[in-house]
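One file, start_24.cif, carrying mmCIF, C-alpha atoms:
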data_upload
loop_
_atom_site.label_atom_id
_atom_site.label_comp_id
_atom_site.auth_asym_id
_atom_site.auth_seq_id
_atom_site.Cartn_x
_atom_site.Cartn_y
_atom_site.Cartn_z
CA MET A 79 -5.45 11.64 42.39
CA ALA A 80 -2.20 9.75 42.64
CA GLU A 81 -3.85 6.76 41.01
CA LYS A 82 -5.02 8.92 38.13
CA LYS A 83 -1.54 10.28 37.57
CA LYS A 84 -0.12 6.80 37.47
CA LEU A 85 -2.64 5.66 34.87
CA SER A 86 -1.87 8.57 32.57
CA SER A 87 1.83 7.83 32.87
CA VAL A 88 1.11 4.22 31.86
CA LEU A 89 -0.57 5.59 28.75
CA ILE A 90 2.26 7.97 27.80
CA ASN A 91 4.95 5.46 28.69
CA GLY A 92 4.15 3.39 25.63
CA VAL A 93 4.46 6.30 23.24
CA LEU A 94 7.65 7.89 24.53
CA LYS A 95 9.80 6.25 27.17
CA GLU A 96 9.15 2.66 26.21
CA ASN A 97 8.18 3.04 22.58
CA PRO A 98 7.89 -0.59 21.48
CA VAL A 99 9.39 -0.08 18.04
CA LEU A 100 12.10 2.51 18.59
CA VAL A 101 13.19 1.80 22.18
CA LEU A 102 12.22 -1.77 23.05
CA ILE A 103 12.84 -2.95 19.46
CA LEU A 104 9.79 -5.20 19.33
CA GLY A 105 7.56 -6.01 16.39
CA THR A 106 10.31 -5.43 13.88
CA CYS A 107 8.78 -7.60 11.16
CA PRO A 108 5.56 -5.64 10.57
CA THR A 109 7.42 -2.38 11.13
CA LEU A 110 9.78 -3.06 8.26
CA ALA A 111 7.23 -4.67 5.99
CA ILE A 112 4.28 -2.32 6.31
CA SER A 113 6.06 1.04 6.55
CA THR A 114 6.20 1.44 2.75
CA SER A 115 3.17 3.73 2.73
CA VAL A 116 1.52 5.92 5.33
CA VAL A 117 -1.97 4.53 4.70
CA ASN A 118 -0.84 0.94 5.26
CA ALA A 119 1.12 1.97 8.34
CA LEU A 120 -1.99 3.58 9.78
CA GLY A 121 -4.08 0.49 9.03
CA MET A 122 -1.53 -1.82 10.61
CA GLY A 123 -1.11 0.46 13.62
CA VAL A 124 -4.82 0.67 14.31
CA ALA A 125 -5.34 -3.07 13.81
CA ALA A 126 -2.50 -3.91 16.20
CA THR A 127 -3.71 -1.33 18.74
CA VAL A 128 -7.21 -2.81 18.79
CA VAL A 129 -5.80 -6.31 19.28
CA LEU A 130 -3.37 -5.09 21.94
CA ALA A 131 -5.99 -3.24 23.95
CA CYS A 132 -8.53 -6.10 23.78
CA SER A 133 -6.06 -8.89 24.51
CA ASN A 134 -4.43 -6.95 27.35
CA THR A 135 -7.85 -6.38 28.93
CA VAL A 136 -8.96 -10.00 28.66
CA ILE A 137 -5.63 -11.46 29.75
CA SER A 138 -5.50 -9.12 32.72
CA ALA A 139 -9.03 -10.09 33.72
CA LEU A 140 -8.14 -13.79 33.49
CA ARG A 141 -4.67 -13.48 35.00
CA LYS A 142 -5.59 -15.28 38.22
CA LEU A 143 -7.39 -18.11 36.39
CA ILE A 144 -4.73 -19.02 33.86
CA PRO A 145 -2.29 -21.59 35.28
CA ASP A 146 1.29 -20.37 35.11
CA LYS A 147 2.55 -23.36 33.14
CA VAL A 148 0.25 -22.97 30.16
CA ARG A 149 0.09 -19.20 30.17
CA ILE A 150 1.92 -18.63 26.86
CA PRO A 151 -0.38 -20.97 24.83
CA ALA A 152 -3.37 -19.43 26.60
CA PHE A 153 -2.19 -15.91 25.72
CA ILE A 154 -1.57 -16.90 22.11
CA THR A 155 -5.06 -18.37 21.81
CA ILE A 156 -6.69 -15.22 23.20
CA ILE A 157 -4.61 -13.02 20.90
CA ALA A 158 -5.36 -15.22 17.88
CA GLY A 159 -9.07 -14.87 18.63
CA PHE A 160 -8.92 -11.09 18.54
CA VAL A 161 -6.72 -11.10 15.44
CA THR A 162 -9.30 -13.25 13.65
CA MET A 163 -12.03 -10.76 14.63
CA VAL A 164 -10.00 -7.82 13.29
CA GLN A 165 -9.28 -9.79 10.12
CA MET A 166 -12.98 -10.45 9.52
CA LEU A 167 -13.92 -6.83 10.25
CA LEU A 168 -11.29 -5.51 7.85
CA LYS A 169 -12.32 -7.98 5.14
CA ALA A 170 -15.90 -6.82 5.47
CA PHE A 171 -15.47 -3.05 5.76
CA LEU A 172 -12.00 -2.10 4.48
CA PRO A 173 -11.06 -4.74 1.89
CA ALA A 174 -8.39 -2.47 0.37
CA ILE A 175 -6.48 -2.30 3.67
CA ASP A 176 -6.94 -6.05 4.16
CA GLU A 177 -5.42 -6.63 0.74
CA ALA A 178 -2.49 -4.28 1.43
CA LEU A 179 -1.64 -5.79 4.82
CA GLY A 180 -1.92 -9.28 3.37
CA ILE A 181 -0.02 -11.92 5.27
CA TYR A 182 1.12 -9.46 7.94
CA LEU A 183 -2.41 -9.21 9.31
CA PRO A 184 -2.63 -12.81 10.60
CA LEU A 185 0.97 -12.42 11.70
CA ILE A 186 -0.15 -9.93 14.36
CA VAL A 187 -0.65 -13.12 16.40
CA VAL A 188 3.07 -13.64 16.72
CA ASN A 189 3.89 -9.94 17.01
CA CYS A 190 6.31 -9.69 19.91
CA ILE A 191 4.73 -6.46 21.16
CA ILE A 192 1.39 -8.07 21.92
CA LEU A 193 2.69 -11.24 23.54
CA GLY A 194 5.37 -9.18 25.27
CA ARG A 195 2.88 -6.81 26.85
CA ALA A 196 0.68 -9.74 27.86
CA GLU A 197 3.62 -11.37 29.59
CA MET A 198 5.27 -8.27 31.05
CA PHE A 199 2.30 -6.08 31.93
CA ALA A 200 -1.18 -7.56 31.60
CA SER A 201 -0.43 -10.74 33.54
CA LYS A 202 0.73 -8.67 36.53
CA ASN A 203 -1.49 -5.59 36.54
CA ARG A 204 -5.13 -4.61 37.01
CA VAL A 205 -7.60 -4.51 34.15
CA LEU A 206 -7.83 -0.73 33.67
CA ALA A 207 -4.07 -0.21 33.78
CA SER A 208 -3.57 -3.09 31.35
CA ALA A 209 -6.12 -1.70 28.90
CA LEU A 210 -4.42 1.71 29.02
CA ASP A 211 -1.02 0.08 28.60
CA GLY A 212 -2.35 -1.69 25.51
CA ILE A 213 -3.66 1.56 24.04
CA GLY A 214 -0.44 3.42 24.89
CA MET A 215 1.80 0.74 23.41
CA GLY A 216 -0.42 0.52 20.34
CA ALA A 217 -0.23 4.28 19.93
CA GLY A 218 3.55 4.13 20.25
CA PHE A 219 3.67 1.40 17.61
CA THR A 220 1.41 3.44 15.31
CA VAL A 221 3.39 6.66 15.74
CA ALA A 222 6.70 4.92 15.05
CA LEU A 223 5.25 3.15 12.00
CA LEU A 224 3.86 6.45 10.69
CA LEU A 225 7.20 8.24 11.12
CA ILE A 226 9.10 5.53 9.27
CA ALA A 227 6.42 5.29 6.59
CA LEU A 228 6.43 9.05 6.11
CA VAL A 229 10.14 9.06 5.32
CA ARG A 230 10.01 5.95 3.14
CA GLU A 231 6.95 6.94 1.16
CA SER A 232 7.96 10.54 0.52
CA LEU A 233 11.52 9.67 -0.49
CA GLY A 234 10.57 6.49 -2.32
CA THR A 235 7.58 7.58 -4.37
CA GLY A 236 7.36 11.34 -3.84
CA THR A 237 3.81 11.16 -2.54
CA LEU A 238 2.09 11.71 0.78
CA MET A 239 -0.68 9.36 1.93
CA GLY A 240 -0.66 8.03 -1.64
CA ALA A 241 -2.66 11.06 -2.80
CA VAL A 242 -0.75 14.32 -2.36
CA ASN A 243 2.26 14.76 -4.63
CA ILE A 244 5.29 16.53 -3.24
CA PRO A 245 6.62 18.54 -6.22
CA VAL A 246 10.22 18.73 -4.93
CA LEU A 247 10.41 14.94 -4.65
CA GLN A 248 8.68 14.17 -7.96
CA GLU A 249 10.48 13.24 -11.13
CA GLY A 250 11.97 16.45 -12.50
CA GLY A 251 11.95 18.10 -9.06
CA SER A 252 15.14 18.74 -7.16
CA ILE A 253 15.26 15.11 -5.95
CA ASP A 254 13.95 12.24 -8.06
CA PRO A 255 11.99 9.52 -6.24
CA MET A 256 14.36 6.90 -4.90
CA ILE A 257 12.50 3.64 -5.31
CA ILE A 258 15.05 1.88 -3.10
CA PHE A 259 13.38 3.42 -0.05
CA VAL A 260 10.17 1.45 -0.54
CA LEU A 261 12.12 -1.73 -1.22
CA ALA A 262 13.56 -3.95 1.49
CA PRO A 263 17.00 -2.32 1.87
CA GLY A 264 15.44 1.11 2.41
CA GLY A 265 13.32 -0.34 5.20
CA PHE A 266 16.32 -1.63 7.12
CA PHE A 267 18.21 1.61 6.52
CA VAL A 268 15.52 4.05 7.63
CA TYR A 269 14.63 1.92 10.64
CA GLY A 270 18.29 1.79 11.67
CA LEU A 271 18.59 5.57 11.47
CA PHE A 272 15.40 6.05 13.50
CA ILE A 273 16.73 3.77 16.24
CA ALA A 274 19.96 5.75 16.25
CA LEU A 275 17.91 8.93 16.62
CA ALA A 276 15.86 7.45 19.45
CA GLN A 277 19.05 6.39 21.23
CA LYS A 278 20.50 9.87 20.80
CA LEU A 279 17.38 11.58 22.10
CA GLY A 280 16.63 9.09 24.89
CA LYS A 281 18.16 10.16 28.18
CA GLU A 282 18.74 6.67 29.46
CA LYS A 283 21.10 4.44 27.55
CA VAL A 284 19.11 1.67 25.96
CA ASP A 285 20.65 -1.72 26.34
CA THR A 286 20.80 -3.17 22.86
CA SER A 287 23.46 -5.70 23.70
CA ALA A 288 20.85 -8.45 23.64
CA GLY A 289 19.77 -7.35 20.19
CA ALA A 290 16.10 -7.70 19.42
CA CYS A 291 15.75 -10.43 22.03
CA GLY A 292 16.05 -8.01 24.96
CA ALA A 293 12.39 -7.42 25.60
CA CYS A 294 10.99 -10.32 23.60
CA PRO A 295 8.50 -12.58 25.39
CA ALA A 296 10.66 -15.51 24.42
CA ALA A 297 13.56 -13.91 26.27
CA ALA A 298 12.70 -15.96 29.36
CA VAL A 299 12.95 -19.16 27.37
CA CYS A 300 15.93 -17.72 25.58
CA SER A 301 17.92 -16.97 28.70
CA LYS A 302 17.01 -20.41 30.01
CA ALA A 303 18.35 -21.76 26.75
CA SER A 304 21.65 -19.98 27.11
CA GLU A 305 21.81 -21.09 30.74
CA LYS A 306 21.36 -24.69 29.67
CA GLU A 307 24.02 -24.20 27.10
CA GLY A 308 26.30 -22.67 29.69
CA LYS A 309 25.89 -25.69 31.92
CA LYS A 310 26.68 -28.02 29.08
CA ALA A 311 29.81 -26.17 28.14
CA MET B 265 6.53 -29.85 -12.85
CA ILE B 266 10.15 -30.24 -11.81
CA TYR B 267 10.90 -26.74 -13.05
CA SER B 268 8.02 -25.20 -11.13
CA ILE B 269 9.18 -26.89 -7.92
CA LEU B 270 12.73 -25.78 -8.55
CA ALA B 271 11.50 -22.26 -9.24
CA VAL B 272 9.51 -22.17 -6.00
CA PHE B 273 12.50 -23.48 -4.08
CA LEU B 274 14.96 -21.01 -5.58
CA ALA B 275 12.54 -18.12 -5.16
CA GLY B 276 12.48 -18.86 -1.44
CA ILE B 277 16.24 -18.57 -1.23
CA LEU B 278 17.06 -15.78 -3.65
CA THR B 279 14.33 -13.45 -4.81
CA GLU B 280 11.74 -13.84 -2.08
CA ASN B 281 14.15 -14.35 0.76
CA PHE B 282 12.10 -14.46 3.94
CA VAL B 283 14.36 -12.26 6.00
CA LEU B 284 15.81 -9.88 3.45
CA ALA B 285 12.84 -9.32 1.15
CA LYS B 286 9.73 -10.33 3.11
CA PHE B 287 10.81 -9.20 6.58
CA LEU B 288 9.75 -12.39 8.33
CA GLY B 289 11.80 -13.76 11.20
CA ILE B 290 13.61 -10.49 11.84
CA CYS B 291 13.75 -11.11 15.61
CA PRO B 292 16.02 -14.19 15.44
CA PHE B 293 17.84 -12.59 12.50
CA LEU B 294 18.91 -9.71 14.73
CA GLY B 295 19.00 -11.60 18.02
CA VAL B 296 20.80 -14.85 17.30
CA SER B 297 23.12 -13.87 14.46
CA GLN B 298 26.04 -12.75 16.63
CA LYS B 299 27.82 -16.10 16.51
CA LEU B 300 28.03 -18.33 13.47
CA ASP B 301 27.40 -21.63 15.29
CA LYS B 302 24.31 -20.32 17.07
CA ALA B 303 22.99 -18.81 13.85
CA LEU B 304 23.45 -22.14 12.11
CA GLY B 305 21.70 -24.11 14.89
CA MET B 306 18.78 -21.71 15.01
CA SER B 307 18.27 -21.65 11.26
CA ILE B 308 18.44 -25.42 10.88
CA ALA B 309 15.80 -25.71 13.60
CA VAL B 310 13.66 -23.10 11.81
CA LEU B 311 14.05 -24.87 8.47
CA PHE B 312 12.99 -28.14 10.07
CA VAL B 313 9.95 -26.68 11.83
CA MET B 314 8.88 -24.72 8.73
CA VAL B 315 8.76 -27.86 6.60
CA ALA B 316 7.11 -29.91 9.36
CA SER B 317 4.41 -27.34 10.11
CA THR B 318 3.65 -26.77 6.44
CA ALA B 319 3.31 -30.53 6.05
CA ALA B 320 0.86 -30.52 8.97
CA THR B 321 -1.20 -27.39 8.30
CA HIS B 322 -1.62 -27.69 4.52
CA PRO B 323 -3.64 -30.94 4.68
CA ILE B 324 -5.56 -29.68 7.72
CA TYR B 325 -6.62 -26.61 5.76
CA THR B 326 -7.43 -28.47 2.53
CA TYR B 327 -9.20 -31.52 3.94
CA PHE B 328 -10.68 -30.21 7.17
CA LEU B 329 -11.20 -26.44 7.24
CA VAL B 330 -12.30 -25.97 3.62
CA PRO B 331 -14.94 -28.75 3.47
CA MET B 332 -16.38 -27.57 6.78
CA HIS B 333 -16.32 -23.88 5.74
CA LEU B 334 -14.14 -22.96 8.67
CA GLU B 335 -11.53 -21.00 6.70
CA TYR B 336 -11.85 -18.07 9.09
CA LEU B 337 -10.39 -20.21 11.88
CA GLN B 338 -7.15 -20.50 9.90
CA THR B 339 -5.05 -18.25 12.13
CA ILE B 340 -6.09 -19.84 15.42
CA VAL B 341 -5.84 -23.41 14.14
CA PHE B 342 -2.45 -22.85 12.51
CA ILE B 343 -0.80 -21.25 15.54
CA LEU B 344 -2.11 -23.98 17.84
CA VAL B 345 -1.00 -26.74 15.46
CA ILE B 346 2.45 -25.16 15.24
CA ALA B 347 2.73 -24.79 19.02
CA ALA B 348 1.68 -28.40 19.59
CA LEU B 349 3.93 -29.65 16.81
CA VAL B 350 6.98 -27.86 18.19
CA GLN B 351 6.31 -29.33 21.64
CA PHE B 352 5.86 -32.77 20.12
CA ILE B 353 9.04 -32.55 18.06
CA GLU B 354 10.98 -31.52 21.13
CA ILE B 355 9.71 -34.45 23.21
CA PHE B 356 10.25 -36.88 20.34
CA MET B 357 13.77 -35.61 19.73
CA LYS B 358 14.62 -35.84 23.41
CA LYS B 359 13.59 -39.51 23.51
CA THR B 360 14.98 -40.80 20.26
CA MET B 361 17.56 -38.44 18.83
CA LYS B 362 19.73 -37.29 21.72
CA PRO B 363 22.56 -35.66 19.73
CA LEU B 364 20.16 -33.77 17.49
CA HIS B 365 18.19 -32.58 20.50
CA LYS B 366 21.37 -31.39 22.12
CA ALA B 367 22.19 -29.36 19.04
CA LEU B 368 18.77 -27.96 18.14
CA GLY B 369 16.60 -28.48 21.21
CA ILE B 370 17.34 -25.18 22.87
CA TYR B 371 16.09 -23.26 19.85
CA LEU B 372 12.81 -25.11 19.49
CA PRO B 373 10.73 -23.33 22.17
CA LEU B 374 11.65 -20.00 20.59
CA ILE B 375 10.33 -21.00 17.23
CA THR B 376 6.64 -21.11 18.12
CA THR B 377 6.52 -17.33 18.15
CA ASN B 378 8.72 -16.95 15.07
CA CYS B 379 6.72 -15.22 12.39
CA ALA B 380 8.59 -17.03 9.63
CA VAL B 381 6.89 -20.30 10.61
CA LEU B 382 3.33 -18.98 10.80
CA GLY B 383 4.19 -16.87 7.77
CA ILE B 384 5.06 -19.77 5.47
CA THR B 385 1.97 -21.80 6.47
CA VAL B 386 -0.35 -18.86 5.70
CA LEU B 387 1.57 -17.85 2.59
CA VAL B 388 1.33 -21.20 0.80
CA ILE B 389 -2.43 -21.25 1.45
CA ASP B 390 -2.77 -17.68 0.13
CA LYS B 391 -0.84 -18.58 -3.00
CA GLY B 392 -2.94 -21.72 -3.52
CA ASN B 393 0.09 -23.99 -3.77
CA THR B 394 -0.33 -27.74 -4.10
CA PHE B 395 1.02 -29.87 -1.27
CA VAL B 396 4.32 -30.61 -3.05
CA GLU B 397 4.79 -26.98 -4.07
CA ALA B 398 4.02 -25.92 -0.52
CA LEU B 399 6.69 -28.24 0.84
CA ALA B 400 9.21 -26.99 -1.73
CA SER B 401 8.33 -23.43 -0.85
CA ALA B 402 8.76 -24.13 2.87
CA ALA B 403 12.10 -25.83 2.30
CA GLY B 404 13.26 -23.01 0.03
CA SER B 405 12.19 -20.30 2.46
CA GLY B 406 13.86 -22.15 5.31
CA ALA B 407 17.03 -22.49 3.27
CA GLY B 408 16.79 -18.79 2.46
CA PHE B 409 16.51 -18.01 6.15
CA LEU B 410 19.58 -20.16 6.76
CA ALA B 411 21.54 -18.43 4.01
CA ALA B 412 20.63 -14.97 5.30
CA MET B 413 21.50 -15.91 8.88
CA VAL B 414 24.88 -17.41 7.98
CA ILE B 415 25.87 -14.54 5.69
CA PHE B 416 24.79 -12.00 8.26
CA ALA B 417 26.60 -13.76 11.12
CA GLY B 418 29.79 -13.33 9.09
CA VAL B 419 29.05 -9.64 8.54
CA ARG B 420 28.40 -9.12 12.24
CA GLU B 421 31.62 -10.75 13.30
CA ARG B 422 33.40 -8.22 11.11
CA LEU B 423 31.33 -5.38 12.57
CA GLU B 424 32.52 -6.26 16.06
CA SER B 425 36.06 -5.29 15.21
CA SER B 426 35.20 -2.15 13.24
CA ASP B 427 35.37 1.42 14.40
CA ILE B 428 31.73 2.54 14.34
CA PRO B 429 30.52 6.11 15.02
CA LYS B 430 29.17 6.28 18.54
CA PHE B 431 25.55 7.09 17.71
CA LEU B 432 25.31 4.15 15.30
CA GLN B 433 26.75 1.57 17.67
CA GLY B 434 24.62 -1.43 18.51
CA LEU B 435 21.40 -2.01 16.67
CA PRO B 436 21.48 0.91 14.18
CA ILE B 437 24.66 -0.26 12.47
CA THR B 438 23.33 -3.82 12.48
CA LEU B 439 20.24 -2.70 10.61
CA ILE B 440 22.26 -0.65 8.14
CA ALA B 441 24.46 -3.69 7.51
CA ALA B 442 21.28 -5.73 6.99
CA SER B 443 20.18 -3.11 4.49
CA ILE B 444 23.34 -3.58 2.47
CA VAL B 445 23.08 -7.39 2.57
CA SER B 446 19.47 -7.06 1.45
CA LEU B 447 20.58 -4.73 -1.34
CA SER B 448 22.91 -7.39 -2.66
CA PHE B 449 20.05 -9.90 -2.72
CA LEU B 450 18.06 -7.50 -4.91
CA GLY B 451 20.61 -8.39 -7.57
CA PHE B 452 18.98 -11.82 -7.91
CA GLN B 453 15.76 -10.22 -9.15
CA GLY B 454 14.93 -11.59 -12.56
CA ILE B 455 16.93 -14.79 -12.18
CA LEU B 456 13.64 -16.65 -11.84
CA ASP B 457 12.29 -15.44 -15.15
CA GLY B 458 15.33 -17.12 -16.64
CA ILE B 459 14.39 -20.44 -15.05
CA LYS B 460 10.76 -20.08 -16.11
CA GLY B 461 11.96 -19.27 -19.61
CA VAL B 462 13.68 -22.66 -19.73
CA ALA B 463 10.49 -24.35 -18.58
#
So that I can check it, write out the structure of this file as structure tokens.
Amino acid sequence: MAEKKKLSSVLINGVLKENPVLVLILGTCPTLAISTSVVNALGMGVAATVVLACSNTVISALRKLIPDKVRIPAFITIIAGFVTMVQMLLKAFLPAIDEALGIYLPLIVVNCIILGRAEMFASKNRVLASALDGIGMGAGFTVALLLIALVRESLGTGTLMGAVNIPVLQEGGSIDPMIIFVLAPGGFFVYGLFIALAQKLGKEKVDTSAGACGACPAAAVCSKASEKEGKKA
Amino acid sequence: MIYSILAVFLAGILTENFVLAKFLGICPFLGVSQKLDKALGMSIAVLFVMVASTAATHPIYTYFLVPMHLEYLQTIVFILVIAALVQFIEIFMKKTMKPLHKALGIYLPLITTNCAVLGITVLVIDKGNTFVEALASAAGSGAGFLAAMVIFAGVRERLESSDIPKFLQGLPITLIAASIVSLSFLGFQGILDGIKGVA
């Protein structure tokens, strides 16, 4: 029973307490780039979730076989394999989504969330827990992307899911569409406000002093780097 | 020819700025831009690796993957080539260029997982650039990354001494500042049509 409870908390953890996008500040690039429309956000979220769940499972299963020294290249290769599979599946069955995600689809390989979870969770935990962690984190990523996309799309173009028009936000309504929200500056702005909201709502103070590096998989290398620098100075 | 290369180069810096318009390399943009010297070191290293990995992956794709109909292996091959290349550059620098390694070496291991690097190699293939155009595009995008980093490091140093509302402190205000910097880069939109008009 206790075991069961722990597994469900692993699943929920990714969505709320350790939301990768809004709390851990990982995977910022696809978040900002893809959140221009809800449909794209959903496609990206699902694609990343599939890769996360699969790579977490495989990496966790192989965690005792992969030598510590080459673990990062090994992780990247496994992740790249799954990304390629998702890419081929999307090209075959959902070419419109593939087109919309464009370059950001292969870039899932270097998405900090996936490598970060491999390094922080899957390489230390059992297979089932790792798979659930992958699904939970993926769901958290998807939810955050959808929230940001909802704001940007409705304010930027006055539509919902690209199909439903919101009369109030249409041209001639009380607020005209503000195209700036689907452009780059709007992305930074809305994301910033969402992080502020998450910080306000979160009970524990999130340490953002390290900026986006805080929970990044490269943080280990990074802190080593600053150590080296410290010694030199 | 010259104009098209110039256009590709300038597009990378101004209108299609990797950080501010394409959202690639946001992690180092937010993480390493606190101090000007660090921002400069990181972005020079990124510029260097971007050009080097484009120079390596473009021929591999054109002369190896395409003739053998292995285009679908693009992602895996590119990331492995980049990882190996970064390792190799670091070892080579350590042996032969001590001062340069001292300045840039610490940033190199971080760059493998930088999406700007994988991004440029995939992007030039997607756009069907020739080898020279690809190199110009890589150099331009790298220079654009550098420009964004340096400008933003200046903005952040100012932010440190400002009185910021409590709920915006930390990352939120950084992102809002990035939004305003990005807004100013929107002003360059259309400058390229001018260059193309000359050509």
>> Please expand the PyMOL selection byres ((chain A and resi 212) around 10) into the concrete residues it hits in this file, giving the result as a PyMOL selection string.
In response: chain A and resi 88-89+92+126-135+191-192+195-196+199-200+206-211+213-218
Determine the residue membership of the PyMOL selection byres ((chain A and resi 189) around 9) for the file above and supply it as a PDB file with C-alpha atoms, in the coordinates of the input.
ATOM      1  CA  LEU A 104       9.790  -5.200  19.330  1.00  0.00           C
ATOM      2  CA  GLY A 105       7.560  -6.010  16.390  1.00  0.00           C
ATOM      3  CA  THR A 106      10.310  -5.430  13.880  1.00  0.00           C
ATOM      4  CA  CYS A 107       8.780  -7.600  11.160  1.00  0.00           C
ATOM      5  CA  PRO A 108       5.560  -5.640  10.570  1.00  0.00           C
ATOM      6  CA  ALA A 126      -2.500  -3.910  16.200  1.00  0.00           C
ATOM      7  CA  LEU A 185       0.970 -12.420  11.700  1.00  0.00           C
ATOM      8  CA  ILE A 186      -0.150  -9.930  14.360  1.00  0.00           C
ATOM      9  CA  VAL A 187      -0.650 -13.120  16.400  1.00  0.00           C
ATOM     10  CA  VAL A 188       3.070 -13.640  16.720  1.00  0.00           C
ATOM     11  CA  CYS A 190       6.310  -9.690  19.910  1.00  0.00           C
ATOM     12  CA  ILE A 191       4.730  -6.460  21.160  1.00  0.00           C
ATOM     13  CA  ILE A 192       1.390  -8.070  21.920  1.00  0.00           C
ATOM     14  CA  LEU A 193       2.690 -11.240  23.540  1.00  0.00           C
ATOM     15  CA  GLY A 194       5.370  -9.180  25.270  1.00  0.00           C
TER      16      GLY A 194
ATOM     17  CA  THR B 377       6.520 -17.330  18.150  1.00  0.00           C
ATOM     18  CA  ASN B 378       8.720 -16.950  15.070  1.00  0.00           C
ATOM     19  CA  CYS B 379       6.720 -15.220  12.390  1.00  0.00           C
TER      20      CYS B 379
END
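When the PyMOL selection byres ((chain B and resi 278) around 9) is run on the displayed coordinates, the residues it returns are Phe273, Leu274, Ala275, Gly276, Ile277, Thr279, Glu280, Asn281, Gly404, Gly408, Phe449, Leu450, Phe452, Gln453, Ile455 and Leu456 of chain B.
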Chain A proximity check over B:Ile308, B:Ile415, B:Ala398, B:Leu435, using only C-alpha atoms: winner is B:Leu435
Report the closest atom pair, with its distance in Å rounded to one decimal, for each residue of chain B that has an atom no farther than 7 Å from chain A; count all atoms listed in the file, sort by chain and then rising residue number, and write it as CSV.
residue,atom,partner,partner_atom,distance
B:Leu284,CA,A:Ala262,CA,6.6
B:Ala285,CA,A:Ala262,CA,5.4
B:Lys286,CA,A:Ala111,CA,6.8
B:Phe287,CA,A:Cys107,CA,5.3
B:Leu288,CA,A:Cys107,CA,5.6
B:Gly289,CA,A:Cys107,CA,6.9
B:Ile290,CA,A:Cys107,CA,5.7
B:Cys291,CA,A:Ala290,CA,5.6
B:Leu294,CA,A:Ala290,CA,5.8
B:Gly295,CA,A:Gly289,CA,4.8
B:Thr339,CA,A:Pro184,CA,6.1
B:Ile340,CA,A:Ala158,CA,5.3
B:Ile370,CA,A:Ala303,CA,5.3
B:Leu374,CA,A:Ala296,CA,6.0
B:Thr377,CA,A:Val188,CA,5.3
B:Asn378,CA,A:Val188,CA,6.8
B:Cys379,CA,A:Val188,CA,5.9
B:Gly383,CA,A:Leu185,CA,6.8
B:Val386,CA,A:Ile181,CA,7.0
B:Leu387,CA,A:Ile181,CA,6.7
B:Phe431,CA,A:Ala274,CA,5.9
B:Leu432,CA,A:Ala274,CA,5.7
B:Gly434,CA,A:Thr286,CA,6.0
B:Leu435,CA,A:Thr286,CA,6.3
B:Pro436,CA,A:Gly270,CA,4.2
B:Ile437,CA,A:Gly270,CA,6.7
B:Leu439,CA,A:Gly270,CA,5.0
B:Ile440,CA,A:Phe267,CA,4.9
B:Ala442,CA,A:Phe266,CA,6.4
B:Ser443,CA,A:Pro263,CA,4.2
B:Ile444,CA,A:Pro263,CA,6.5
B:Ser446,CA,A:Pro263,CA,5.4
B:Leu447,CA,A:Pro263,CA,5.4
Could you dump the residues just selected with C-alpha atoms as a PDB file, keeping the file's coordinate frame?
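Heads up, here's the output in again_31.pdb:
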ATOM      1  CA  LEU B 284      15.810  -9.880   3.450  1.00  0.00           C
ATOM      2  CA  ALA B 285      12.840  -9.320   1.150  1.00  0.00           C
ATOM      3  CA  LYS B 286       9.730 -10.330   3.110  1.00  0.00           C
ATOM      4  CA  PHE B 287      10.810  -9.200   6.580  1.00  0.00           C
ATOM      5  CA  LEU B 288       9.750 -12.390   8.330  1.00  0.00           C
ATOM      6  CA  GLY B 289      11.800 -13.760  11.200  1.00  0.00           C
ATOM      7  CA  ILE B 290      13.610 -10.490  11.840  1.00  0.00           C
ATOM      8  CA  CYS B 291      13.750 -11.110  15.610  1.00  0.00           C
ATOM      9  CA  LEU B 294      18.910  -9.710  14.730  1.00  0.00           C
ATOM     10  CA  GLY B 295      19.000 -11.600  18.020  1.00  0.00           C
ATOM     11  CA  THR B 339      -5.050 -18.250  12.130  1.00  0.00           C
ATOM     12  CA  ILE B 340      -6.090 -19.840  15.420  1.00  0.00           C
ATOM     13  CA  ILE B 370      17.340 -25.180  22.870  1.00  0.00           C
ATOM     14  CA  LEU B 374      11.650 -20.000  20.590  1.00  0.00           C
ATOM     15  CA  THR B 377       6.520 -17.330  18.150  1.00  0.00           C
ATOM     16  CA  ASN B 378       8.720 -16.950  15.070  1.00  0.00           C
ATOM     17  CA  CYS B 379       6.720 -15.220  12.390  1.00  0.00           C
ATOM     18  CA  GLY B 383       4.190 -16.870   7.770  1.00  0.00           C
ATOM     19  CA  VAL B 386      -0.350 -18.860   5.700  1.00  0.00           C
ATOM     20  CA  LEU B 387       1.570 -17.850   2.590  1.00  0.00           C
ATOM     21  CA  PHE B 431      25.550   7.090  17.710  1.00  0.00           C
ATOM     22  CA  LEU B 432      25.310   4.150  15.300  1.00  0.00           C
ATOM     23  CA  GLY B 434      24.620  -1.430  18.510  1.00  0.00           C
ATOM     24  CA  LEU B 435      21.400  -2.010  16.670  1.00  0.00           C
ATOM     25  CA  PRO B 436      21.480   0.910  14.180  1.00  0.00           C
ATOM     26  CA  ILE B 437      24.660  -0.260  12.470  1.00  0.00           C
ATOM     27  CA  LEU B 439      20.240  -2.700  10.610  1.00  0.00           C
ATOM     28  CA  ILE B 440      22.260  -0.650   8.140  1.00  0.00           C
ATOM     29  CA  ALA B 442      21.280  -5.730   6.990  1.00  0.00           C
ATOM     30  CA  SER B 443      20.180  -3.110   4.490  1.00  0.00           C
ATOM     31  CA  ILE B 444      23.340  -3.580   2.470  1.00  0.00           C
ATOM     32  CA  SER B 446      19.470  -7.060   1.450  1.00  0.00           C
ATOM     33  CA  LEU B 447      20.580  -4.730  -1.340  1.00  0.00           C
TER      34      LEU B 447
END
